[in-house]
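> Can you keep this structure in mind? I'll have questions shortly.
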Amino acid sequence: MAEPIVQVRNLTKRFGDFTAVDGVSFDIRQGEILGLLGPNGAGKTTSIQMLLGLITPTAGEIRIFGLPFDRHREEILGRVNFSSTYVSMPQALTVEENLRVVGKLYGMDRITSRIDDIVKRLEMEEFRTKITRKLSSGQMTRLSLAKAFLTAPKVLSLDEPTASLDPDIADKTRALIKEIRRSTGLTVLYTSHNMREMEEMSDRIIFLQRGRIVAEGTSEAIKAVYGEADLEDVFLKLARTKPRA
Amino acid sequence: MKLHRIAALLSRHLYLYKRSFPRVLEIVYWPFVDLLIWGFITLYLAQFKAALPNFVLFFLGALILWDVLFRAQQGITISFLEEIWSRNLMNLFASPLTTGEFLAATMILSVSKVLAVSCVTVLAALAFYSFNIFVLGVSLIPFILNLVIAGWCIGVLTTGLIMRYGQEVEVLAWGMVFLFQPISCVFYPLSVLPDWLQAIARLNPATHVFEGMRAVITAGTFPAHNLAWAVGLNAVYLTVLIVWFHVMFAACKDKGLLVRVGE
């Protein structure tokens, strides 16, 4: 079995009296897609933001590529990227200009040919030279994905990557993620509120509630444990269960 | 016309003032600053009656140099605000970009803006008022460089505050530099200020730059002591503020503010 590429141990984040993430531990192995599931406020976003170095943990350890994050931030983030529906890009720049800036930020070689490739794969040719402000929400999501794939990351965090895409583009995007994972051994941390998508994409799922892991395993194993045929029913059952004090 | 709808809109705006220090500052501070600046200018002019030497050089030169300080500060602060407005901060700080690299980029950008704006103001002064700032000589160049650094200091301070306190204090991006104007002695000499305010103004590097400019104009000599003061104060302030910015950045990451700034 492949070595864990992401190791999280007792990760905790407190904001004053509020504990957003409470002693969470998990591994993600190379080439694995780990689904992070949970209701709003469960600690998914805070966990991802700690993995991206945007929030400093109160306690616990994050190791990526075997390196402690707090001492190897630059080295790690050079090989990590993310895409989120909730993050935008400079609006006055064209799609291509935005991608070029990202390429420079990550010190990439052959930026133009990488942009050509990613634009083709995400079917972005028709709006490549368009000002970002004028993109539709679906096009904006594709730009965010292009930004994430452009730097050829080894670890990728995808926060609702298909949220505003039409079914056709969403399906192609999922296929692309799987294809890139197959060809490059990409490791993915995936969040979505679309349960069918989570089942299709994730090798393993972690269910967070009030900052704690309350279920972990393959979607089949989790469904079996909770006696439900559908992951959505498991979600509702877990989300509506009062946590132990 | 319904009064309750007008009242609703009024209350929508008045609610903001209950918790917003910068908005209160707008009401209290700016009229006070205007009064101070025009009061001191009037005192200065009254001292000389109608015989103020080289008054065109004094005022137009001061205005052009003040713009250098203002644009240097804006170059840093507006660059940061642009990232907030376009919700791009997460893209930047989840990349290998360091805080130092971010500041360095904004400082270089600030110099570019100063150069571009200075070209416009210098040429406009020449075209409309036949005022050639270069008659002041090359001795002004080290003073101008110090004004740029003083602008960076105010820019770093303002950016750190916006990062920490968010949209609430965005107005400082345009107003912060004017907080320093009365004690920068832009349009009047230090000697016009009351003694206690002179002591404060001497701690401001911009004061020494404008004092130096006036010395160049009136005496035609190079005021080395003014330059030394400006360089020394700038070195201390810039070092302290860059360290402070790093501390503030770490505090924002700890409080989770970096991902929420602009919301």
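Ordering of the structure tokens sets the chain letters (A, B, ...); residue numbers start at 1 within each chain; ligands are numbered from 1 in the order shown.
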Give me the residues within 10 Å of region 131-139 of chain A as a ChimeraX atom specification, counting only C-alpha atoms and dropping any in the same chain fewer than 5 places off.
/A:85,88-98,122-124,144-145,162-166,169-170 /B:86
> Those same residues, written as an mmCIF file, in the first residue's frame with N, CA, C and O atoms?

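Saved file part.cif follows:
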data_model
loop_
_atom_site.group_PDB
_atom_site.id
_atom_site.type_symbol
_atom_site.label_atom_id
_atom_site.label_comp_id
_atom_site.auth_asym_id
_atom_site.auth_seq_id
_atom_site.Cartn_x
_atom_site.Cartn_y
_atom_site.Cartn_z
ATOM 1 N N THR A 85 -15.122 27.017 -4.995
ATOM 2 C CA THR A 85 -16.183 27.839 -5.574
ATOM 3 C C THR A 85 -16.222 29.210 -4.915
ATOM 4 O O THR A 85 -16.717 30.165 -5.493
ATOM 5 N N SER A 88 -12.279 33.662 -5.787
ATOM 6 C CA SER A 88 -12.307 34.161 -7.152
ATOM 7 C C SER A 88 -10.886 34.466 -7.620
ATOM 8 O O SER A 88 -9.915 34.064 -6.973
ATOM 9 N N MET A 89 -10.784 35.170 -8.722
ATOM 10 C CA MET A 89 -9.479 35.609 -9.226
ATOM 11 C C MET A 89 -9.626 37.052 -9.704
ATOM 12 O O MET A 89 -10.741 37.512 -9.905
ATOM 13 N N PRO A 90 -8.488 37.770 -9.876
ATOM 14 C CA PRO A 90 -8.594 39.173 -10.294
ATOM 15 C C PRO A 90 -9.534 39.374 -11.486
ATOM 16 O O PRO A 90 -9.343 38.784 -12.546
ATOM 17 N N GLN A 91 -10.540 40.191 -11.263
ATOM 18 C CA GLN A 91 -11.637 40.328 -12.215
ATOM 19 C C GLN A 91 -11.278 41.086 -13.483
ATOM 20 O O GLN A 91 -11.888 40.868 -14.529
ATOM 21 N N ALA A 92 -10.306 41.980 -13.397
ATOM 22 C CA ALA A 92 -9.994 42.821 -14.558
ATOM 23 C C ALA A 92 -9.006 42.153 -15.514
ATOM 24 O O ALA A 92 -8.727 42.677 -16.585
ATOM 25 N N LEU A 93 -8.476 41.001 -15.111
ATOM 26 C CA LEU A 93 -7.531 40.288 -15.971
ATOM 27 C C LEU A 93 -8.294 39.297 -16.853
ATOM 28 O O LEU A 93 -9.372 38.842 -16.483
ATOM 29 N N THR A 94 -7.686 38.946 -17.987
ATOM 30 C CA THR A 94 -8.316 37.900 -18.800
ATOM 31 C C THR A 94 -8.006 36.546 -18.161
ATOM 32 O O THR A 94 -7.133 36.435 -17.297
ATOM 33 N N VAL A 95 -8.717 35.544 -18.630
ATOM 34 C CA VAL A 95 -8.499 34.178 -18.136
ATOM 35 C C VAL A 95 -7.027 33.794 -18.310
ATOM 36 O O VAL A 95 -6.376 33.304 -17.380
ATOM 37 N N GLU A 96 -6.505 34.055 -19.503
ATOM 38 C CA GLU A 96 -5.112 33.663 -19.777
ATOM 39 C C GLU A 96 -4.126 34.450 -18.895
ATOM 40 O O GLU A 96 -3.153 33.883 -18.384
ATOM 41 N N GLU A 97 -4.388 35.747 -18.713
ATOM 42 C CA GLU A 97 -3.485 36.546 -17.857
ATOM 43 C C GLU A 97 -3.486 36.003 -16.428
ATOM 44 O O GLU A 97 -2.438 35.906 -15.784
ATOM 45 N N ASN A 98 -4.670 35.647 -15.938
ATOM 46 C CA ASN A 98 -4.753 35.085 -14.582
ATOM 47 C C ASN A 98 -3.935 33.805 -14.473
ATOM 48 O O ASN A 98 -3.207 33.590 -13.494
ATOM 49 N N LEU A 122 -10.092 21.528 -20.306
ATOM 50 C CA LEU A 122 -11.295 22.017 -19.608
ATOM 51 C C LEU A 122 -12.259 22.749 -20.551
ATOM 52 O O LEU A 122 -13.200 23.391 -20.098
ATOM 53 N N GLU A 123 -11.978 22.632 -21.856
ATOM 54 C CA GLU A 123 -12.829 23.252 -22.887
ATOM 55 C C GLU A 123 -13.061 24.735 -22.605
ATOM 56 O O GLU A 123 -14.195 25.213 -22.507
ATOM 57 N N MET A 124 -11.940 25.447 -22.453
ATOM 58 C CA MET A 124 -12.022 26.873 -22.123
ATOM 59 C C MET A 124 -11.590 27.765 -23.289
ATOM 60 O O MET A 124 -11.423 28.977 -23.104
ATOM 61 N N SER A 144 -11.121 28.356 -12.019
ATOM 62 C CA SER A 144 -10.565 27.979 -10.721
ATOM 63 C C SER A 144 -9.931 26.581 -10.787
ATOM 64 O O SER A 144 -8.860 26.331 -10.221
ATOM 65 N N LEU A 145 -10.593 25.672 -11.513
ATOM 66 C CA LEU A 145 -10.033 24.324 -11.688
ATOM 67 C C LEU A 145 -8.755 24.378 -12.530
ATOM 68 O O LEU A 145 -7.772 23.694 -12.225
ATOM 69 N N THR A 162 -17.676 21.086 -8.657
ATOM 70 C CA THR A 162 -18.657 21.074 -9.746
ATOM 71 C C THR A 162 -19.932 21.843 -9.390
ATOM 72 O O THR A 162 -20.943 21.732 -10.090
ATOM 73 N N ALA A 163 -19.844 22.641 -8.320
ATOM 74 C CA ALA A 163 -21.047 23.287 -7.764
ATOM 75 C C ALA A 163 -21.862 24.075 -8.787
ATOM 76 O O ALA A 163 -23.075 24.011 -8.778
ATOM 77 N N SER A 164 -21.203 24.827 -9.662
ATOM 78 C CA SER A 164 -21.999 25.648 -10.578
ATOM 79 C C SER A 164 -21.823 25.225 -12.039
ATOM 80 O O SER A 164 -22.020 26.030 -12.939
ATOM 81 N N LEU A 165 -21.447 23.971 -12.229
ATOM 82 C CA LEU A 165 -21.268 23.490 -13.597
ATOM 83 C C LEU A 165 -22.525 22.775 -14.083
ATOM 84 O O LEU A 165 -23.231 22.146 -13.284
ATOM 85 N N ASP A 166 -22.776 22.853 -15.405
ATOM 86 C CA ASP A 166 -23.915 22.086 -15.917
ATOM 87 C C ASP A 166 -23.531 20.599 -15.907
ATOM 88 O O ASP A 166 -22.346 20.253 -15.829
ATOM 89 N N ILE A 169 -20.570 19.462 -18.277
ATOM 90 C CA ILE A 169 -19.219 19.902 -17.902
ATOM 91 C C ILE A 169 -18.821 19.273 -16.563
ATOM 92 O O ILE A 169 -17.663 18.889 -16.357
ATOM 93 N N ALA A 170 -19.800 19.135 -15.647
ATOM 94 C CA ALA A 170 -19.503 18.520 -14.342
ATOM 95 C C ALA A 170 -19.005 17.091 -14.548
ATOM 96 O O ALA A 170 -18.011 16.673 -13.933
ATOM 97 N N SER B 86 -11.086 41.327 -5.268
ATOM 98 C CA SER B 86 -11.243 40.244 -6.251
ATOM 99 C C SER B 86 -11.239 38.870 -5.590
ATOM 100 O O SER B 86 -11.187 37.853 -6.273
#
> Could I get the residues of chain A with an atom no further than 7 Å from an atom of chain B, each paired with its nearest atom pair and that distance in Å to one decimal, using only C-alpha atoms, sorted by chain and residue number, as a Markdown table?

| residue | atom | partner | partner_atom | distance |
| --- | --- | --- | --- | --- |
| A:Phe15 | CA | B:Lys255 | CA | 6.5 |
| A:Leu52 | CA | B:Ala94 | CA | 5.4 |
| A:Gly53 | CA | B:Ala94 | CA | 6.2 |
| A:Leu54 | CA | B:Lys253 | CA | 5.9 |
| A:Ile55 | CA | B:Lys253 | CA | 4.5 |
| A:Thr56 | CA | B:Asp254 | CA | 4.8 |
| A:Glu74 | CA | B:Pro96 | CA | 4.5 |
| A:Leu77 | CA | B:Pro96 | CA | 5.1 |
| A:Gly78 | CA | B:Pro96 | CA | 5.3 |
| A:Val87 | CA | B:Arg87 | CA | 5.8 |
| A:Ser88 | CA | B:Arg87 | CA | 5.1 |
| A:Met89 | CA | B:Asn88 | CA | 5.1 |
| A:Pro90 | CA | B:Ser86 | CA | 5.0 |
| A:Gln91 | CA | B:Ser86 | CA | 6.0 |
| A:Tyr106 | CA | B:Pro96 | CA | 6.8 |
> Among region 12-159 of chain A, which ones does DSSP assign to strand (DSSP E or B) (computed from the backbone)? Answer as number ranges by chain.
A: 12-15, 18-29, 33-37, 59-64, 67-68, 80-84, 94, 131, 155-159
> Between B:Gly137, B:Gly75, B:Pro142, B:Pro205, which is the closest to Ala224 (chain B) once you count only C-alpha atoms?
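Between B:Gly137, B:Gly75, B:Pro142, B:Pro205, the residue approaching Ala224 (chain B) most closely is B:Pro142.
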> Near region 124-136 of chain B, counting only C-alpha atoms, which residues have an atom at most 8 Å away, once you skip same-chain residues fewer than 2 positions from it, shown as a list of chain:residue names?
B:Val56, B:Leu57, B:Leu60, B:Gly61, B:Val120, B:Thr121, B:Val122, B:Val138, B:Ser139, B:Leu140, B:Val216, B:Ile217
> I need the chosen residues saved as a PDB file, in the first residue's frame, with N, CA and C atoms.

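Full text of result_2.pdb as output:
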ATOM      1  N   VAL B  56       5.890  80.342  -5.330  1.00  0.00           N
ATOM      2  CA  VAL B  56       5.433  79.340  -6.305  1.00  0.00           C
ATOM      3  C   VAL B  56       6.194  78.035  -6.093  1.00  0.00           C
ATOM      4  N   LEU B  57       7.513  78.153  -5.940  1.00  0.00           N
ATOM      5  CA  LEU B  57       8.338  76.973  -5.683  1.00  0.00           C
ATOM      6  C   LEU B  57       7.897  76.278  -4.401  1.00  0.00           C
ATOM      7  N   LEU B  60       3.913  74.811  -5.098  1.00  0.00           N
ATOM      8  CA  LEU B  60       3.786  73.789  -6.146  1.00  0.00           C
ATOM      9  C   LEU B  60       4.768  72.642  -5.899  1.00  0.00           C
ATOM     10  N   GLY B  61       5.973  72.996  -5.468  1.00  0.00           N
ATOM     11  CA  GLY B  61       6.971  71.967  -5.153  1.00  0.00           C
ATOM     12  C   GLY B  61       6.466  71.075  -4.036  1.00  0.00           C
ATOM     13  N   VAL B 120       3.248  62.925 -14.655  1.00  0.00           N
ATOM     14  CA  VAL B 120       2.037  63.710 -14.965  1.00  0.00           C
ATOM     15  C   VAL B 120       2.075  65.054 -14.237  1.00  0.00           C
ATOM     16  N   THR B 121       2.338  65.026 -12.909  1.00  0.00           N
ATOM     17  CA  THR B 121       2.274  66.280 -12.140  1.00  0.00           C
ATOM     18  C   THR B 121       3.393  67.241 -12.553  1.00  0.00           C
ATOM     19  N   VAL B 122       4.593  66.698 -12.802  1.00  0.00           N
ATOM     20  CA  VAL B 122       5.718  67.569 -13.189  1.00  0.00           C
ATOM     21  C   VAL B 122       5.429  68.234 -14.535  1.00  0.00           C
ATOM     22  N   VAL B 138      19.440  68.476  -8.261  1.00  0.00           N
ATOM     23  CA  VAL B 138      19.496  67.035  -7.978  1.00  0.00           C
ATOM     24  C   VAL B 138      19.521  66.739  -6.482  1.00  0.00           C
ATOM     25  N   SER B 139      19.779  67.778  -5.689  1.00  0.00           N
ATOM     26  CA  SER B 139      19.834  67.543  -4.240  1.00  0.00           C
ATOM     27  C   SER B 139      18.477  67.110  -3.688  1.00  0.00           C
ATOM     28  N   LEU B 140      17.426  67.320  -4.486  1.00  0.00           N
ATOM     29  CA  LEU B 140      16.101  66.883  -4.026  1.00  0.00           C
ATOM     30  C   LEU B 140      15.905  65.379  -4.135  1.00  0.00           C
ATOM     31  N   VAL B 216      16.613  74.026   0.491  1.00  0.00           N
ATOM     32  CA  VAL B 216      17.190  74.035  -0.854  1.00  0.00           C
ATOM     33  C   VAL B 216      16.710  75.279  -1.603  1.00  0.00           C
ATOM     34  N   ILE B 217      15.401  75.576  -1.463  1.00  0.00           N
ATOM     35  CA  ILE B 217      14.828  76.702  -2.206  1.00  0.00           C
ATOM     36  C   ILE B 217      15.342  78.040  -1.678  1.00  0.00           C
TER      37      ILE B 217
END
> Here is a test: counting only C-alpha atoms, which residue of A:Ala152, A:Met108, A:Arg210, A:Arg128 is nearest to Thr46 (chain A)?
A:Arg210
> Any idea what's packed within 12 Å of Thr218 (chain A), counting only C-alpha atoms, ignoring anything in its chain fewer than 5 positions away? Could you give it as a ChimeraX atom specification?
/A:32-36,198-207,223-225,231
> Using DSSP secondary structure from the backbone, list all alpha helix (DSSP H) positions within region 93-218 of chain A, as a PyMOL selection string.
chain A and resi 95-105+111-121+137-150+167-184+195-201
> So, counting only C-alpha atoms, which residue among B:Val261, B:Leu203, B:Ile183, B:Val28 is closest to Val169 (chain B)?
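Closest candidate: B:Val261.
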> Using only C-alpha atoms, which of the listed residues (A:Phe26, A:Phe18, A:Tyr226, A:Phe149) sits closest to Asp117 (chain A)?
A:Phe149
> Near Ile108 (chain B), within 12 Å and counting only C-alpha atoms, which residues show up once chain neighbours fewer than 3 positions away are dropped, as a tab-separated table (two decimals) with all heavy atoms, in the first residue's frame?

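The resulting file, selection_31.tsv, is reproduced below:
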chain	number	residue	atom	x	y	z
B	72	ALA	N	3.03	56.69	-2.99
B	72	ALA	CA	3.86	55.58	-2.47
B	72	ALA	C	3.04	54.76	-1.49
B	72	ALA	O	3.09	53.52	-1.49
B	72	ALA	CB	5.12	56.13	-1.82
B	73	GLN	N	2.27	55.45	-0.64
B	73	GLN	CA	1.41	54.76	0.32
B	73	GLN	C	0.30	53.99	-0.40
B	73	GLN	O	0.05	52.82	-0.12
B	73	GLN	CB	0.82	55.78	1.30
B	73	GLN	CG	-0.18	55.20	2.30
B	73	GLN	CD	-1.63	55.42	1.89
B	73	GLN	OE1	-1.95	56.44	1.30
B	73	GLN	NE2	-2.47	54.47	2.18
B	75	GLY	N	0.22	52.89	-3.43
B	75	GLY	CA	0.75	51.77	-4.21
B	75	GLY	C	0.71	50.49	-3.41
B	75	GLY	O	0.41	49.41	-3.94
B	76	ILE	N	1.01	50.58	-2.12
B	76	ILE	CA	1.00	49.39	-1.26
B	76	ILE	C	-0.42	49.02	-0.85
B	76	ILE	O	-0.86	47.89	-1.02
B	76	ILE	CB	1.89	49.63	-0.01
B	76	ILE	CG1	3.35	49.70	-0.47
B	76	ILE	CG2	1.68	48.55	1.04
B	76	ILE	CD1	4.35	49.83	0.64
B	79	SER	N	-2.92	47.94	-3.69
B	79	SER	CA	-2.59	46.60	-4.21
B	79	SER	C	-3.22	45.53	-3.34
B	79	SER	O	-3.75	44.54	-3.84
B	79	SER	CB	-1.07	46.38	-4.24
B	79	SER	OG	-0.45	47.39	-4.95
B	101	GLU	N	7.82	38.53	0.27
B	101	GLU	CA	7.71	38.68	-1.19
B	101	GLU	C	6.50	39.53	-1.56
B	101	GLU	O	6.56	40.35	-2.49
B	101	GLU	CB	7.59	37.29	-1.85
B	101	GLU	CG	8.88	36.50	-1.82
B	101	GLU	CD	8.69	35.01	-2.06
B	101	GLU	OE1	7.53	34.54	-2.08
B	101	GLU	OE2	9.69	34.31	-2.22
B	102	PHE	N	5.41	39.34	-0.82
B	102	PHE	CA	4.21	40.14	-1.07
B	102	PHE	C	4.51	41.63	-0.87
B	102	PHE	O	4.19	42.47	-1.71
B	102	PHE	CB	3.07	39.69	-0.16
B	102	PHE	CG	1.85	40.54	-0.26
B	102	PHE	CD1	0.98	40.38	-1.31
B	102	PHE	CD2	1.59	41.52	0.69
B	102	PHE	CE1	-0.15	41.19	-1.42
B	102	PHE	CE2	0.48	42.33	0.58
B	102	PHE	CZ	-0.40	42.16	-0.48
B	103	LEU	N	5.17	41.93	0.26
B	103	LEU	CA	5.49	43.34	0.55
B	103	LEU	C	6.46	43.90	-0.49
B	103	LEU	O	6.30	45.03	-0.95
B	103	LEU	CB	6.10	43.47	1.95
B	103	LEU	CG	5.11	43.44	3.12
B	103	LEU	CD1	5.86	43.56	4.44
B	103	LEU	CD2	4.07	44.54	3.01
B	104	ALA	N	7.45	43.09	-0.87
B	104	ALA	CA	8.44	43.56	-1.86
B	104	ALA	C	7.75	43.92	-3.17
B	104	ALA	O	8.04	44.96	-3.78
B	104	ALA	CB	9.50	42.49	-2.08
B	105	ALA	N	6.81	43.06	-3.60
B	105	ALA	CA	6.10	43.31	-4.86
B	105	ALA	C	5.29	44.60	-4.78
B	105	ALA	O	5.29	45.41	-5.71
B	105	ALA	CB	5.19	42.13	-5.19
B	111	VAL	N	6.64	52.20	-6.33
B	111	VAL	CA	7.63	53.05	-6.99
B	111	VAL	C	7.19	53.33	-8.44
B	111	VAL	O	7.30	54.46	-8.92
B	111	VAL	CB	9.04	52.39	-6.95
B	111	VAL	CG1	10.02	53.16	-7.82
B	111	VAL	CG2	9.54	52.33	-5.52
B	112	SER	N	6.67	52.28	-9.10
B	112	SER	CA	6.22	52.47	-10.49
B	112	SER	C	5.10	53.50	-10.55
B	112	SER	O	5.08	54.36	-11.44
B	112	SER	CB	5.68	51.15	-11.06
B	112	SER	OG	6.53	50.10	-10.75
B	113	LYS	N	4.17	53.42	-9.58
B	113	LYS	CA	3.05	54.39	-9.57
B	113	LYS	C	3.57	55.79	-9.31
B	113	LYS	O	3.10	56.76	-9.92
B	113	LYS	CB	2.03	54.00	-8.49
B	113	LYS	CG	1.14	52.86	-8.92
B	113	LYS	CD	-0.02	52.66	-7.97
B	113	LYS	CE	-0.87	51.50	-8.44
B	113	LYS	NZ	-1.96	51.18	-7.52
B	114	VAL	N	4.53	55.92	-8.38
B	114	VAL	CA	5.09	57.24	-8.07
B	114	VAL	C	5.73	57.83	-9.32
B	114	VAL	O	5.51	59.01	-9.65
B	114	VAL	CB	6.13	57.13	-6.93
B	114	VAL	CG1	6.97	58.39	-6.83
B	114	VAL	CG2	5.44	56.86	-5.60
B	115	LEU	N	6.48	57.01	-10.04
B	115	LEU	CA	7.16	57.51	-11.26
B	115	LEU	C	6.13	57.97	-12.28
B	115	LEU	O	6.27	59.06	-12.86
B	115	LEU	CB	8.04	56.40	-11.86
B	115	LEU	CG	9.34	56.13	-11.10
B	115	LEU	CD1	10.06	54.92	-11.69
B	115	LEU	CD2	10.26	57.35	-11.12
B	148	VAL	N	9.32	58.44	-0.57
B	148	VAL	CA	8.78	57.15	-1.03
B	148	VAL	C	8.81	56.16	0.13
B	148	VAL	O	7.82	55.46	0.39
B	148	VAL	CB	9.60	56.62	-2.23
B	148	VAL	CG1	9.19	55.18	-2.56
B	148	VAL	CG2	9.42	57.50	-3.44
B	149	ILE	N	9.92	56.14	0.86
B	149	ILE	CA	10.03	55.19	1.98
B	149	ILE	C	9.03	55.55	3.09
B	149	ILE	O	8.40	54.68	3.68
B	149	ILE	CB	11.48	55.13	2.51
B	149	ILE	CG1	12.40	54.62	1.40
B	149	ILE	CG2	11.58	54.22	3.73
B	149	ILE	CD1	13.87	54.76	1.68
B	152	TRP	N	5.87	54.19	2.03
B	152	TRP	CA	5.82	52.74	2.27
B	152	TRP	C	5.44	52.45	3.73
B	152	TRP	O	4.65	51.55	3.99
B	152	TRP	CB	7.18	52.11	2.00
B	152	TRP	CG	7.57	51.99	0.56
B	152	TRP	CD1	6.80	52.25	-0.53
B	152	TRP	CD2	8.85	51.58	0.07
B	152	TRP	NE1	7.52	52.03	-1.67
B	152	TRP	CE2	8.78	51.62	-1.33
B	152	TRP	CE3	10.05	51.20	0.66
B	152	TRP	CZ2	9.86	51.27	-2.15
B	152	TRP	CZ3	11.12	50.85	-0.14
B	152	TRP	CH2	11.03	50.90	-1.53
> Identify, on the basis of only C-alpha atoms, every residue whose closest approach to Arg14 (chain A) does not exceed 9 Å; exclude the query and any residue fewer than 2 positions from it along the same chain; express the result as a list in words.
Thr12, Gly16, Asp17, Phe18, Thr19, Ala20, Val21, Asp22, Pro57, Thr58 and Ala59 of chain A; Lys255 of chain B
> Applying 12 Å and only C-alpha atoms, which residues near Thr184 (chain A) remain after dropping the ones on its own chain fewer than 2 positions away? List them as a PyMOL selection string.
chain A and resi 30-32+149+152-156+176-182+186-188
> I need the chosen residues saved as a tab-separated table (two decimals), in the first residue's frame, with N, CA and C atoms.

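And here's again.tsv as it stands now:
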chain	number	residue	atom	x	y	z
A	30	GLN	N	-0.93	8.33	-1.32
A	30	GLN	CA	-0.66	8.85	-2.66
A	30	GLN	C	-1.66	8.27	-3.66
A	31	GLY	N	-2.24	9.13	-4.47
A	31	GLY	CA	-3.18	8.70	-5.50
A	31	GLY	C	-4.59	8.46	-4.98
A	32	GLU	N	-4.80	8.73	-3.70
A	32	GLU	CA	-6.12	8.50	-3.11
A	32	GLU	C	-6.98	9.76	-3.21
A	149	PHE	N	-5.11	22.90	-11.61
A	149	PHE	CA	-4.41	21.86	-12.37
A	149	PHE	C	-3.14	22.38	-13.04
A	152	ALA	N	0.40	21.52	-11.90
A	152	ALA	CA	0.71	20.08	-11.77
A	152	ALA	C	0.97	19.71	-10.31
A	153	PRO	N	-0.01	19.95	-9.44
A	153	PRO	CA	0.21	19.67	-8.02
A	153	PRO	C	0.25	18.17	-7.74
A	154	LYS	N	0.86	17.83	-6.63
A	154	LYS	CA	0.87	16.42	-6.19
A	154	LYS	C	-0.31	16.18	-5.23
A	155	VAL	N	-0.70	17.26	-4.54
A	155	VAL	CA	-1.87	17.19	-3.64
A	155	VAL	C	-2.81	18.32	-4.03
A	156	LEU	N	-4.08	17.98	-4.15
A	156	LEU	CA	-5.06	18.97	-4.60
A	156	LEU	C	-6.27	18.95	-3.67
A	176	LEU	N	-12.02	14.18	-15.82
A	176	LEU	CA	-10.67	14.75	-15.91
A	176	LEU	C	-9.89	14.54	-14.61
A	177	ILE	N	-10.56	14.78	-13.49
A	177	ILE	CA	-9.90	14.60	-12.19
A	177	ILE	C	-9.43	13.14	-12.06
A	178	LYS	N	-10.32	12.21	-12.44
A	178	LYS	CA	-9.95	10.79	-12.32
A	178	LYS	C	-8.81	10.43	-13.29
A	179	GLU	N	-8.87	11.02	-14.48
A	179	GLU	CA	-7.82	10.73	-15.47
A	179	GLU	C	-6.47	11.28	-15.00
A	180	ILE	N	-6.47	12.49	-14.45
A	180	ILE	CA	-5.21	13.07	-13.97
A	180	ILE	C	-4.70	12.28	-12.77
A	181	ARG	N	-5.61	11.85	-11.93
A	181	ARG	CA	-5.22	11.02	-10.78
A	181	ARG	C	-4.55	9.73	-11.27
A	182	ARG	N	-5.17	9.12	-12.31
A	182	ARG	CA	-4.63	7.86	-12.84
A	182	ARG	C	-3.26	8.07	-13.47
A	186	LEU	N	-2.04	11.79	-8.62
A	186	LEU	CA	-2.51	12.95	-7.85
A	186	LEU	C	-3.31	12.51	-6.62
A	187	THR	N	-3.04	13.17	-5.49
A	187	THR	CA	-3.78	12.91	-4.25
A	187	THR	C	-4.79	14.04	-4.07
A	188	VAL	N	-6.02	13.68	-3.75
A	188	VAL	CA	-7.08	14.71	-3.72
A	188	VAL	C	-7.86	14.67	-2.40
